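Engineer: Supplied in structure tokens, the structure appears directly below.
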Amino acid sequence: MKLRFRIGPFTFGKSGVRFSVWKGGTGVSIPLSESGGNTFGKVKLGPVSAYFNPAKKKQVLEKFDSIEASAVSALLEDQSLMKRLEISGVPWRGMQECLKDALPRELRNRDNLAYSLVPRVMNSAFGPQNRAWETEKRPAKSGSGETTWIVLRGQ
């Protein structure tokens, strides 16, 4: 038997304190502490319920920050890429491939993640886009279309 009690929208029990607002089978319940066993949040709208785990979200965000830091290090340590970036810029795809190589192999969608990391890593390494660095379109080597290049401002 689980012992818990409510005071207004707060529920106190073995798994800690929760903020819960419900009306007619619809509502939300969010853990405010991580004591006890597994903590989870719950959102319910009529017959549909969704659960989420704030502690897991924090772990995912911490891991992403670690991945982003590794990607910045990989960029700054790639002397060939850095030299090309300083002299004439590099194609977006070239930067993306550098970052992709720094990502853990077990990640799914490494290519998509590397693509989305390009501006974040450039901002972290050099400063804000359109102040410290920018993109520009140049003719593609294949002869048709254009390629997006990353260039440092003032270069």
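Lettering and numbering for the structure tokens are positional, with chains as A, B, ... in the shown order, residues counted from 1 in each chain, and ligands counted from 1 in the shown order.
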Just want the 8 Å neighbourhood of Gln96 of chain A, counted on only C-alpha atoms, with same-chain residues fewer than 2 positions away dropped. Output as a ChimeraX atom specification.
Structural biologist: /A:92-94,98-100,111,114-115,117-118
Engineer: Can you write just those residues out, C-alpha atoms, as a CSV table (one decimal), in the first residue's frame?
Structural biologist:
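As a result, result.csv now contains:
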chain,number,residue,atom,x,y,z
A,92,TRP,CA,29.6,23.4,-44.8
A,93,ARG,CA,29.8,19.8,-45.6
A,94,GLY,CA,33.6,19.7,-44.9
A,98,CYS,CA,34.8,16.9,-39.2
A,99,LEU,CA,32.2,17.1,-36.5
A,100,LYS,CA,30.6,13.8,-37.6
A,111,ASP,CA,25.1,13.0,-40.1
A,114,ALA,CA,26.7,16.9,-37.2
A,115,TYR,CA,24.8,19.1,-39.6
A,117,LEU,CA,26.0,21.1,-34.6
A,118,VAL,CA,27.9,23.2,-37.3
Engineer: Between A:Gly89, A:Ser66, A:Asp78, A:Gly13, which is the closest to Thr147 of chain A once you count only C-alpha atoms?
Structural biologist: A:Gly89
